[in-house]
Every structure is written in C-alpha cells, then in structure tokens.
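Quick look at input.cif (mmCIF, C-alpha atoms and all ligand atoms):
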data_run
loop_
_atom_site.label_atom_id
_atom_site.label_comp_id
_atom_site.auth_asym_id
_atom_site.auth_seq_id
_atom_site.Cartn_x
_atom_site.Cartn_y
_atom_site.Cartn_z
CA MET A 1 -45.13 104.38 95.18
CA GLU A 2 -43.68 105.95 92.08
CA LYS A 3 -42.46 103.47 89.47
CA GLN A 4 -38.65 103.20 89.27
CA PRO A 5 -37.23 104.61 86.03
CA PRO A 6 -35.79 101.84 83.83
CA MET A 7 -32.20 103.08 84.13
CA GLN A 8 -32.28 102.67 87.85
CA ASP A 9 -33.50 99.10 87.31
CA GLN A 10 -30.73 98.45 84.87
CA LEU A 11 -28.15 99.65 87.36
CA THR A 12 -29.48 97.37 90.06
CA GLN A 13 -29.33 94.47 87.61
CA ILE A 14 -25.77 95.34 86.61
CA GLU A 15 -24.67 95.42 90.21
CA LYS A 16 -26.41 92.15 91.00
CA ARG A 17 -24.80 90.31 88.10
CA ALA A 18 -21.36 91.69 88.87
CA LEU A 19 -21.59 90.67 92.52
CA GLN A 20 -22.71 87.22 91.50
CA ASP A 21 -19.74 86.74 89.18
CA ILE A 22 -17.38 88.05 91.85
CA ASN A 23 -18.78 85.56 94.31
CA GLU A 24 -18.40 82.70 91.90
CA ALA A 25 -14.84 83.51 90.82
CA ARG A 26 -12.58 80.74 92.14
CA ASP A 27 -9.24 82.02 90.87
CA LEU A 28 -7.54 85.24 89.80
CA LYS A 29 -7.94 84.44 86.13
CA SER A 30 -11.72 84.13 86.24
CA LEU A 31 -11.90 87.21 88.45
CA GLN A 32 -9.92 89.13 85.88
CA GLU A 33 -12.31 87.98 83.15
CA ALA A 34 -15.30 89.03 85.24
CA GLU A 35 -13.73 92.43 85.78
CA VAL A 36 -13.32 93.01 82.05
CA LYS A 37 -16.90 91.88 81.52
CA HIS A 38 -18.41 94.19 84.14
CA LEU A 39 -16.13 97.22 84.20
CA GLY A 40 -14.39 97.05 80.82
CA ARG A 41 -14.95 99.22 77.80
CA LYS A 42 -17.60 96.91 76.39
CA SER A 43 -19.47 96.40 79.67
CA ALA A 44 -23.14 97.23 80.17
CA LEU A 45 -22.12 99.75 82.82
CA THR A 46 -19.82 101.65 80.48
CA ALA A 47 -22.55 101.66 77.83
CA LEU A 48 -25.09 102.97 80.30
CA MET A 49 -22.78 105.68 81.60
CA SER A 50 -22.08 106.90 78.08
CA LYS A 51 -25.83 107.52 77.70
CA LEU A 52 -26.03 109.75 80.79
CA LYS A 53 -25.41 112.85 78.74
CA ASP A 54 -28.69 112.38 76.89
CA LEU A 55 -30.82 112.41 80.06
CA SER A 56 -32.88 115.33 81.26
CA PRO A 57 -31.17 117.47 83.95
CA ASP A 58 -33.47 116.02 86.61
CA GLU A 59 -32.70 112.43 85.72
CA LYS A 60 -29.02 113.21 85.36
CA LYS A 61 -28.99 114.41 88.95
CA LYS A 62 -30.39 111.10 90.12
CA ILE A 63 -28.77 108.58 87.80
CA GLY A 64 -25.36 110.25 87.58
CA PRO A 65 -24.39 109.89 91.25
CA LEU A 66 -26.06 106.51 91.50
CA SER A 67 -24.11 105.03 88.60
CA ASN A 68 -20.84 106.38 90.02
CA GLN A 69 -21.68 104.93 93.39
CA ILE A 70 -22.40 101.53 91.86
CA LYS A 71 -19.25 101.61 89.81
CA THR A 72 -17.16 102.37 92.93
CA SER A 73 -18.90 99.69 94.89
CA ILE A 74 -18.29 97.06 92.19
CA THR A 75 -14.65 98.16 91.84
CA ASN A 76 -14.14 97.81 95.59
CA LYS A 77 -15.68 94.36 95.62
CA PHE A 78 -13.29 93.29 92.86
CA GLU A 79 -10.35 94.61 94.90
CA GLU A 80 -11.48 92.79 98.02
CA LYS A 81 -11.94 89.54 96.19
CA ARG A 82 -8.58 89.91 94.44
CA ALA A 83 -6.79 90.31 97.76
CA GLN A 84 -8.57 87.20 99.09
CA LEU A 85 -7.73 85.10 96.06
CA GLU A 86 -4.12 86.25 96.11
CA THR A 87 -3.71 85.14 99.70
CA ILE A 88 -5.30 81.81 98.90
CA GLU A 89 -3.04 81.26 95.90
CA ILE A 90 0.08 82.19 97.84
CA GLU A 91 -0.83 79.87 100.67
CA ALA A 92 -1.43 77.06 98.21
CA LYS A 93 1.94 77.72 96.62
CA LEU A 94 3.66 77.73 100.01
CA LYS A 95 2.27 74.26 100.66
CA THR A 96 3.40 72.75 97.38
CA GLU A 97 6.64 74.64 96.65
CA PHE A 98 9.66 75.19 98.82
CA PHE A 99 9.99 78.84 99.60
CA ASP A 100 12.34 80.09 102.28
CA ILE A 101 10.73 83.21 103.62
CA THR A 102 13.76 83.91 105.84
CA ILE A 103 16.10 84.68 102.91
CA PRO A 104 16.59 88.45 102.71
CA GLY A 105 15.03 89.98 99.61
CA SER A 106 17.12 91.68 96.98
CA ALA A 107 16.87 95.36 97.81
CA ARG A 108 16.71 97.65 94.83
CA GLU A 109 19.09 100.55 95.20
CA ILE A 110 17.66 103.96 94.55
CA GLY A 111 19.87 106.26 92.53
CA ARG A 112 20.51 109.87 93.39
CA VAL A 113 21.12 113.12 91.62
CA HIS A 114 24.81 113.75 90.92
CA PRO A 115 26.25 116.62 93.01
CA LEU A 116 27.04 118.60 89.86
CA ALA A 117 23.50 118.20 88.57
CA GLN A 118 22.15 119.24 91.97
CA LEU A 119 24.27 122.37 91.94
CA GLN A 120 23.36 123.09 88.32
CA HIS A 121 19.67 122.97 89.18
CA GLU A 122 20.22 125.37 92.08
CA VAL A 123 22.13 127.76 89.83
CA GLU A 124 19.39 127.56 87.19
CA ASN A 125 16.72 128.26 89.79
CA ILE A 126 18.41 131.36 91.13
CA PHE A 127 19.00 132.83 87.68
CA HIS A 128 15.54 131.84 86.58
CA GLY A 129 14.24 133.94 89.47
CA MET A 130 16.13 136.90 88.03
CA GLY A 131 14.51 136.51 84.61
CA PHE A 132 17.15 134.40 82.83
CA THR A 133 16.25 131.63 80.41
CA VAL A 134 18.30 128.42 80.31
CA ALA A 135 19.80 127.87 76.84
CA ASP A 136 21.67 124.95 75.34
CA GLY A 137 24.04 124.22 72.45
CA PRO A 138 25.94 121.32 70.88
CA GLU A 139 28.99 119.75 72.54
CA ILE A 140 30.53 119.02 69.14
CA GLU A 141 30.89 122.52 67.79
CA SER A 142 32.30 124.19 64.69
CA GLU A 143 35.58 126.06 64.91
CA TYR A 144 33.61 129.12 63.82
CA TYR A 145 31.24 129.21 66.80
CA ASN A 146 33.89 128.12 69.28
CA PHE A 147 36.56 130.57 68.09
CA GLU A 148 36.22 132.88 65.05
CA GLY A 149 32.71 134.10 65.89
CA LEU A 150 34.02 134.88 69.36
CA ASN A 151 36.70 137.15 67.93
CA ILE A 152 39.46 134.51 68.10
CA PRO A 153 40.91 134.11 64.54
CA ALA A 154 42.87 130.96 63.66
CA ASP A 155 46.27 132.61 63.99
CA HIS A 156 45.45 134.47 67.20
CA PRO A 157 47.66 133.65 70.19
CA ALA A 158 44.52 133.48 72.38
CA ARG A 159 43.86 130.08 70.77
CA ASP A 160 46.62 128.78 73.03
CA MET A 161 44.55 129.59 76.12
CA GLN A 162 42.37 126.58 75.37
CA ASP A 163 43.99 123.38 74.17
CA THR A 164 41.41 121.85 71.87
CA PHE A 165 40.26 118.40 70.79
CA PHE A 166 39.57 118.33 67.05
CA VAL A 167 37.04 115.93 65.62
CA ASP A 168 38.14 114.02 62.55
CA ALA A 169 34.92 114.10 60.56
CA LYS A 170 33.35 115.64 57.48
CA HIS A 171 32.04 119.15 58.04
CA GLU A 172 30.90 122.27 56.29
CA ALA A 173 33.91 124.21 55.06
CA LYS A 174 32.21 127.50 55.90
CA HIS A 175 32.34 126.91 59.64
CA GLY A 176 35.78 125.35 59.82
CA ARG A 177 36.74 122.07 61.42
CA LEU A 178 34.72 120.40 64.15
CA VAL A 179 35.93 120.62 67.73
CA LEU A 180 34.73 119.49 71.13
CA ARG A 181 33.65 122.87 72.46
CA THR A 182 36.22 124.27 74.86
CA GLN A 183 33.73 126.68 76.44
CA THR A 184 30.01 127.39 76.60
CA SER A 185 30.59 130.81 74.95
CA PRO A 186 29.66 129.58 71.42
CA VAL A 187 26.06 129.41 72.65
CA GLN A 188 26.24 133.23 73.03
CA ILE A 189 26.34 133.59 69.25
CA ARG A 190 23.93 130.76 68.53
CA THR A 191 21.35 132.36 70.83
CA MET A 192 21.87 135.86 69.46
CA GLU A 193 21.35 134.50 65.93
CA LYS A 194 18.21 132.70 66.97
CA TYR A 195 16.49 135.22 69.26
CA GLY A 196 18.15 138.58 68.68
CA ALA A 197 18.16 141.32 71.35
CA PRO A 198 17.30 141.87 74.17
CA LEU A 199 18.56 138.64 75.68
CA ARG A 200 19.01 137.22 79.16
CA ILE A 201 20.30 133.64 79.28
CA ILE A 202 22.45 131.23 81.20
CA VAL A 203 24.01 128.21 79.53
CA PRO A 204 25.09 125.37 81.75
CA GLY A 205 26.97 122.72 79.81
CA ARG A 206 29.78 120.26 79.35
CA VAL A 207 33.06 121.45 77.84
CA PHE A 208 36.32 119.72 76.87
CA ARG A 209 39.99 120.59 76.89
CA ASN A 210 43.09 118.69 75.99
CA GLU A 211 44.57 118.92 79.49
CA ALA A 212 47.01 116.84 81.47
CA THR A 213 44.76 115.93 84.40
CA ASP A 214 45.60 116.67 88.01
CA ALA A 215 43.67 117.60 91.15
CA SER A 216 42.41 120.82 89.57
CA HIS A 217 42.36 119.98 85.84
CA GLU A 218 40.10 117.63 83.90
CA THR A 219 39.60 117.04 80.17
CA THR A 220 35.84 117.19 80.69
CA PHE A 221 34.14 119.68 82.94
CA HIS A 222 31.14 121.99 83.15
CA GLN A 223 30.70 125.70 82.72
CA VAL A 224 27.85 128.09 83.25
CA GLU A 225 27.78 130.90 80.71
CA GLY A 226 25.75 134.04 81.32
CA LEU A 227 24.73 136.61 78.73
CA LEU A 228 22.65 139.74 79.12
CA ILE A 229 22.02 142.09 76.22
CA ASP A 230 19.93 145.22 76.38
CA THR A 231 20.10 148.95 75.69
CA HIS A 232 21.44 150.39 78.96
CA ILE A 233 23.74 147.74 80.36
CA SER A 234 27.01 148.19 82.23
CA LEU A 235 29.32 146.13 84.42
CA ALA A 236 27.42 147.53 87.40
CA ASN A 237 24.49 145.24 86.46
CA LEU A 238 26.84 142.28 86.42
CA LYS A 239 28.21 143.15 89.83
CA GLY A 240 24.69 143.36 91.23
CA ILE A 241 23.52 140.12 89.62
CA MET A 242 26.58 138.16 90.77
CA THR A 243 26.39 139.51 94.34
CA GLU A 244 22.75 138.49 94.45
CA PHE A 245 23.46 135.07 92.91
CA LEU A 246 26.33 134.17 95.27
CA THR A 247 24.54 135.47 98.36
CA GLU A 248 21.50 133.39 97.47
CA LEU A 249 23.58 130.31 96.68
CA PHE A 250 25.73 130.38 99.80
CA LYS A 251 22.98 131.80 102.04
CA LYS A 252 25.55 134.23 103.35
CA GLU A 253 26.46 137.84 102.65
CA VAL A 254 29.00 137.64 99.79
CA SER A 255 30.76 140.54 98.09
CA VAL A 256 32.49 140.53 94.71
CA ARG A 257 35.29 142.46 93.09
CA PHE A 258 36.58 142.89 89.55
CA ARG A 259 40.19 142.65 88.37
CA PRO A 260 41.28 143.26 84.80
CA GLY A 261 41.28 140.08 82.71
CA TYR A 262 41.71 139.15 79.08
CA PHE A 263 39.24 137.27 76.89
CA PRO A 264 39.05 138.12 73.18
CA PHE A 265 35.24 138.16 73.13
CA VAL A 266 34.85 140.86 75.77
CA GLU A 267 36.09 144.43 76.04
CA PRO A 268 36.81 145.40 78.72
CA GLY A 269 37.44 141.98 80.18
CA VAL A 270 37.46 141.22 83.89
CA GLU A 271 38.04 138.47 86.38
CA LEU A 272 35.51 138.33 89.18
CA ASP A 273 36.49 137.24 92.68
CA PHE A 274 34.20 136.76 95.66
CA SER A 275 34.97 137.29 99.32
CA CYS A 276 36.29 134.14 100.99
CA LEU A 277 33.52 132.33 102.83
CA ILE A 278 35.87 130.44 105.11
CA CYS A 279 37.63 133.42 106.72
CA THR A 280 35.09 136.08 105.65
CA GLY A 281 37.90 138.09 104.13
CA LYS A 282 40.51 137.96 106.89
CA GLY A 283 42.80 135.62 104.94
CA CYS A 284 43.16 131.82 105.18
CA SER A 285 44.70 128.94 103.22
CA VAL A 286 41.66 128.55 100.94
CA CYS A 287 41.95 132.13 99.65
CA LYS A 288 45.76 132.02 99.80
CA ARG A 289 45.65 134.75 102.50
CA THR A 290 44.09 137.28 100.10
CA GLY A 291 40.53 137.18 101.43
CA TRP A 292 39.28 136.66 97.85
CA VAL A 293 38.50 133.56 95.79
CA GLU A 294 38.95 133.65 91.99
CA PHE A 295 35.61 132.76 90.48
CA MET A 296 35.04 133.59 86.83
CA GLY A 297 35.85 135.47 83.64
CA ALA A 298 33.51 138.16 82.38
CA GLY A 299 33.28 141.45 80.53
CA MET A 300 31.29 143.63 78.17
CA VAL A 301 30.45 141.70 74.99
CA HIS A 302 32.85 142.71 72.21
CA PRO A 303 31.15 144.59 69.31
CA ASN A 304 32.58 141.99 66.88
CA VAL A 305 30.71 139.29 68.79
CA LEU A 306 27.44 141.24 68.71
CA LYS A 307 28.00 141.67 64.98
CA ALA A 308 28.62 137.94 64.52
CA GLY A 309 25.33 137.33 66.33
CA GLY A 310 23.52 139.77 64.03
CA ILE A 311 22.88 142.36 66.75
CA ASP A 312 23.24 146.11 66.20
CA SER A 313 26.19 147.10 68.40
CA GLN A 314 25.24 150.80 68.12
CA LYS A 315 21.92 150.14 69.79
CA TYR A 316 22.64 147.24 72.10
CA ARG A 317 25.36 146.18 74.48
CA GLY A 318 25.71 143.57 77.13
CA TRP A 319 27.90 141.54 79.37
CA ALA A 320 28.86 137.89 79.48
CA PHE A 321 30.41 135.65 82.08
CA GLY A 322 31.60 132.07 82.38
CA PHE A 323 32.38 130.06 85.49
CA GLY A 324 33.29 126.46 86.22
CA LEU A 325 30.63 124.38 87.91
CA GLU A 326 33.12 121.87 89.34
CA ARG A 327 35.18 124.61 90.95
CA LEU A 328 32.07 126.04 92.55
CA ALA A 329 31.07 122.59 93.85
CA MET A 330 34.61 122.05 95.17
CA MET A 331 34.50 125.30 97.11
CA ARG A 332 31.05 124.63 98.41
CA TYR A 333 31.64 121.09 99.62
CA GLY A 334 35.37 121.26 100.37
CA ILE A 335 36.27 118.73 97.63
CA ASP A 336 39.99 118.71 96.90
CA ASP A 337 40.20 116.71 93.65
CA ILE A 338 38.20 117.58 90.50
CA ARG A 339 38.70 114.06 89.14
CA LEU A 340 36.31 112.66 91.76
CA PHE A 341 33.28 114.07 89.93
CA HIS A 342 33.56 111.75 86.94
CA SER A 343 35.24 108.86 88.71
CA GLY A 344 31.99 106.97 89.11
CA ASP A 345 33.10 106.14 92.66
CA LEU A 346 29.96 105.47 94.68
CA ARG A 347 31.74 106.24 97.95
CA PHE A 348 32.06 109.80 96.66
CA ILE A 349 28.66 110.12 94.97
CA LYS A 350 26.74 108.77 97.94
CA GLN A 351 27.85 111.61 100.18
CA PHE A 352 25.53 114.05 98.40
N1 LIG A 401 34.71 131.30 78.07
C1 LIG A 401 35.68 131.80 79.02
C2 LIG A 401 36.55 130.64 79.46
O1 LIG A 401 36.21 129.50 79.25
C3 LIG A 401 34.99 132.43 80.21
C4 LIG A 401 34.28 133.70 79.86
C5 LIG A 401 32.97 133.68 79.44
C6 LIG A 401 34.94 134.93 79.93
C7 LIG A 401 32.31 134.86 79.10
C8 LIG A 401 34.30 136.09 79.60
C9 LIG A 401 32.99 136.06 79.21
O2 LIG A 401 37.60 130.84 80.04
#
Would you write out, as structure tokens, the structure that this file holds?
Amino acid sequence: MEKQPPMQDQLTQIEKRALQDINEARDLKSLQEAEVKHLGRKSALTALMSKLKDLSPDEKKKIGPLSNQIKTSITNKFEEKRAQLETIEIEAKLKTEFFDITIPGSAREIGRVHPLAQLQHEVENIFHGMGFTVADGPEIESEYYNFEGLNIPADHPARDMQDTFFVDAKHEAKHGRLVLRTQTSPVQIRTMEKYGAPLRIIVPGRVFRNEATDASHETTFHQVEGLLIDTHISLANLKGIMTEFLTELFKKEVSVRFRPGYFPFVEPGVELDFSCLICTGKGCSVCKRTGWVEFMGAGMVHPNVLKAGGIDSQKYRGWAFGFGLERLAMMRYGIDDIRLFHSGDLRFIKQF
C-alpha cells in the first residue's frame, strides 16, 4: 500500500487528540478550553489549514476536503458534548436550587414599525420605482432656506401662511435666524445647490408649525416633498406621476385634478385633488359630497427658486409638490384624529 502523506497523518492525530479532550471534559469550562485549543486561532488545525495553499494541486484536492471534513466533525462533537454538559449542569442545579418551572417566563415584547414609517417606506418605494432619489435636510433650518430662498421675503404676507417656531441660538447672519422648518421645501434649494440639474427627488421629513392643536392640526407632522427638474417638463408630467403614484398606493384606479392654488415658490401654483376612494366620485361625507379629496400643493418651480438653487432657469424648468403624510395615513386607515400618531398610545400603534 502507498505510504500516507504526512499531512494526512497529522490530521488523524489532530482529530484523535480533540476527541480525547472532548471525552475527558467534565464541565462546560474545560470543554470551552478544549475548543479554543483545538479549533481556535492558535490550534494545530488552523495552522495546518493555513498551509494548504502551498500544496500541489493534487495534494490540495485530497487534503483540502479532508481537513474541512475533520474540522466539521470536531465542531459537531463539541456541540454534542456541550448540549450534554448543559443538561447535566441544569439538572444538578435543579437538585440543589429551588426553581419553580411553572412560573410563566417574562415575554419580551417585539416592537413594530410605526404606521407613518410604514407608509413613508411605501411612498419611497413607489417613487423609487419611477426614478426618484430620496433626499434629506435638517429639521432646524435657516430662515433663508425655509423662506427667502423660496421666494418668501421677510415682509411678505405669505409668511403668515405658516406660523413658525424660531430657535433662540447663535447663527450665521447671512442666512437669517434659525427656525424649525415649517415645510420640506427648503430641501429643494439645498439639493439644487448640491447636485444641480436635472433632478428627481422626494423628501420625506418632519416639519413644525406653531399651531393650536385639534383633530386635524399638530405642531409636528410629516411632509413628502417632490421635485423634478429637467429640460422639457410641464404640469402634465406631474399629473401622470401623481396618478400613477396614487393608483399604485391605493391599488385602485385613482384620478387627479388641479385647481389653482397659491404658493410663492411656484408659478403657476396648483392644488391637487384625487377622486374620492370611498364613493368613487359620487359624493359622500368624506369628500364633503364633492367626489374629490384635497391632497397637496404643487406647481411649476418659480424661476427665482431655480436661481437661488444655482440652476439656469432659461434652460431648465420643473415642478414641485408637497403633501402631508399624516393626512394620507388618516385617509387610508380611516383615522379621525391626527394627534393619535404621536400620542405614544400602544392601543393605537398596535393596530398597524
Ligand atoms: N410647502 C408647501 C406647504 O407646506 C407645499 C408645496 C410644496 C406647495 C411644493 C407647492 C410646491 O404648504
């Protein structure tokens, strides 16, 4: 018979010694030590396996699989023995200590994704599928990005549309005071500055307004901003994108319509409604008998805003929109009080 190559011998030896130590281990601690000795970084097996790469292809074919097989076999033996020793140690404990196995264990509660976060992810997914990138911006924002850059000067009456929290802190004079952003629109300019045109983003995010709260008003809520900038863009694109988005979201044929609306950072500005899903347009209490549900503000990006973002308004144009995530969730799930979202009430949260 052909003489065994020395590596094969070594492997047999390694296995033999490991099995012997496993057999002799009387407690988990000594088993653990044996495991480090035989499978650890400094073990003979690890050393041998690191030399495999220097073997001839023929030997590699033989020794490679064999060493893996031995490693698996040793590992399994360690597992088996560990399970045995654990049972023995538990039984010993049960004899010497009082342990009432009838007391119910303390169940660990598994958390869940907040309904708003769930909806936000769905929204992101749908827009992602249409080529939009998800962008982000700061919640504490400068007056410049929140207002001036968006074509709302300090003395403009449109400032009254959004009652603002000011932050009492040091700031750069150039960008005005600091505010809690009242809208996600400042991210329009930040993204234009950073990436230029063309652009196709949505911006989900938290916004703040100094509101007296009631069933449909909160000081803290979420918006999803959309911005598309390119060379040949019109409101027709927006209509198509929003019809597609809502149809996909509600899994139902949805149509949209525009009404004139005013926002200083768009021209023309529109309000977008979608056909009522409850009565499919016939008129019910949800749509106040109109067949339409008010959904969001939108419009063609104002040239002043493109300019503020450093984009050539002769070459590029685009549209923007902004809708409230809470309102969308309320319509979708039939929730009648916006304050429930941030109430921290588990009876509410657990329904989603
Ligand atoms: N930012 C506006 C608001 O909060 C919504 C909007 C966004 C309108 C983009 C037009 C374009 O009311």
Any idea what's packed within 12 Å of range 113-116 of chain A, counting only C-alpha atoms, ignoring anything in its chain fewer than 6 positions away? Could you give it as a VMD selection string?
chain A and resid 122 to 123 204 to 206 221 to 224 324 to 330 332 to 333 335 338 340 to 346 348 to 352
Pairwise distance, CA of Ala197 in chain A with CA of Met242 in chain A, equals 21.4 Å
Wanna dump the chain A-ligand LIG 401 (chain A) contacts at 10 Å for me, each residue with its shortest atom pair and the distance in Å to one decimal, counting all atoms listed in the file, ordered by chain and number, as a tab-separated table?
residue	atom	partner	partner_atom	distance
A:Asn146	CA	A:LIG401	N1	9.4
A:Leu150	CA	A:LIG401	N1	9.4
A:Met161	CA	A:LIG401	O2	8.1
A:Gln162	CA	A:LIG401	O1	7.8
A:Arg181	CA	A:LIG401	O1	9.8
A:Thr182	CA	A:LIG401	O1	6.8
A:Gln183	CA	A:LIG401	O1	4.7
A:Thr184	CA	A:LIG401	N1	6.3
A:Ser185	CA	A:LIG401	N1	5.2
A:Pro186	CA	A:LIG401	N1	8.5
A:Gln188	CA	A:LIG401	C7	8.7
A:Val207	CA	A:LIG401	O1	8.8
A:Arg209	CA	A:LIG401	O1	10.0
A:His222	CA	A:LIG401	O1	9.9
A:Gln223	CA	A:LIG401	O1	7.5
A:Val224	CA	A:LIG401	C5	8.5
A:Glu225	CA	A:LIG401	C5	6.0
A:Gly226	CA	A:LIG401	C7	7.0
A:Leu227	CA	A:LIG401	C7	7.8
A:Gly261	CA	A:LIG401	C8	8.6
A:Tyr262	CA	A:LIG401	C6	8.0
A:Phe263	CA	A:LIG401	C8	5.8
A:Pro264	CA	A:LIG401	C8	8.2
A:Phe265	CA	A:LIG401	C9	6.8
A:Val266	CA	A:LIG401	C8	6.1
A:Glu267	CA	A:LIG401	C8	9.2
A:Pro268	CA	A:LIG401	C8	9.7
A:Gly269	CA	A:LIG401	C8	6.7
A:Val270	CA	A:LIG401	C8	7.4
A:Glu271	CA	A:LIG401	C6	8.0
A:Leu272	CA	A:LIG401	C6	9.9
A:Met296	CA	A:LIG401	C3	6.7
A:Gly297	CA	A:LIG401	C6	3.9
A:Ala298	CA	A:LIG401	C8	3.6
A:Gly299	CA	A:LIG401	C8	5.5
A:Met300	CA	A:LIG401	C9	7.8
A:Val301	CA	A:LIG401	C9	7.5
A:His302	CA	A:LIG401	C9	9.7
A:Trp319	CA	A:LIG401	C9	7.5
A:Ala320	CA	A:LIG401	C9	4.5
A:Phe321	CA	A:LIG401	C7	3.6
A:Gly322	CA	A:LIG401	C5	3.6
A:Phe323	CA	A:LIG401	C3	6.3
A:Gly324	CA	A:LIG401	O1	8.1
Among listed residues A:Asn23, A:Gly131, A:Phe208, A:Pro138, nearest Phe165 in chain A (using only C-alpha atoms):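 Answer, going by the shortest atom-to-atom distance: A:Phe208.
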Quiz item: Using all atoms listed in the file, which residues sit within 12 Å of Lys29 in chain A once same-chain residues fewer than 4 positions away are excluded, as a list in words?
Solution: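 Here the answer would be Ile22, Ala25, Glu33, Ala34, Glu35, Val36, Lys81, Arg82, Leu85, Glu86 and Glu89 of chain A.
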For this session: For each of A:Asp27, A:Glu211, A:Asp136, A:Glu124, take the minimum atom-to-atom distance to Leu249 in chain A, counting all atoms listed in the file, then give the residue where this is smallest.
Result: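 Smallest separation from Leu249 in chain A among the options: A:Glu124.
Residue nearest Phe127 in chain A within the list A:Arg339, A:Lys288, A:Arg200, A:Arg190: A:Arg200 [criterion: smallest interatomic distance, only C-alpha atoms].
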Exercise for the section: Quote the spacing between CA of Ala308 in chain A and CA of Ile189 in chain A in Å to one decimal place. Expected result: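 Interatomic distance, CA of Ala308 in chain A to CA of Ile189 in chain A: 6.8 Å.
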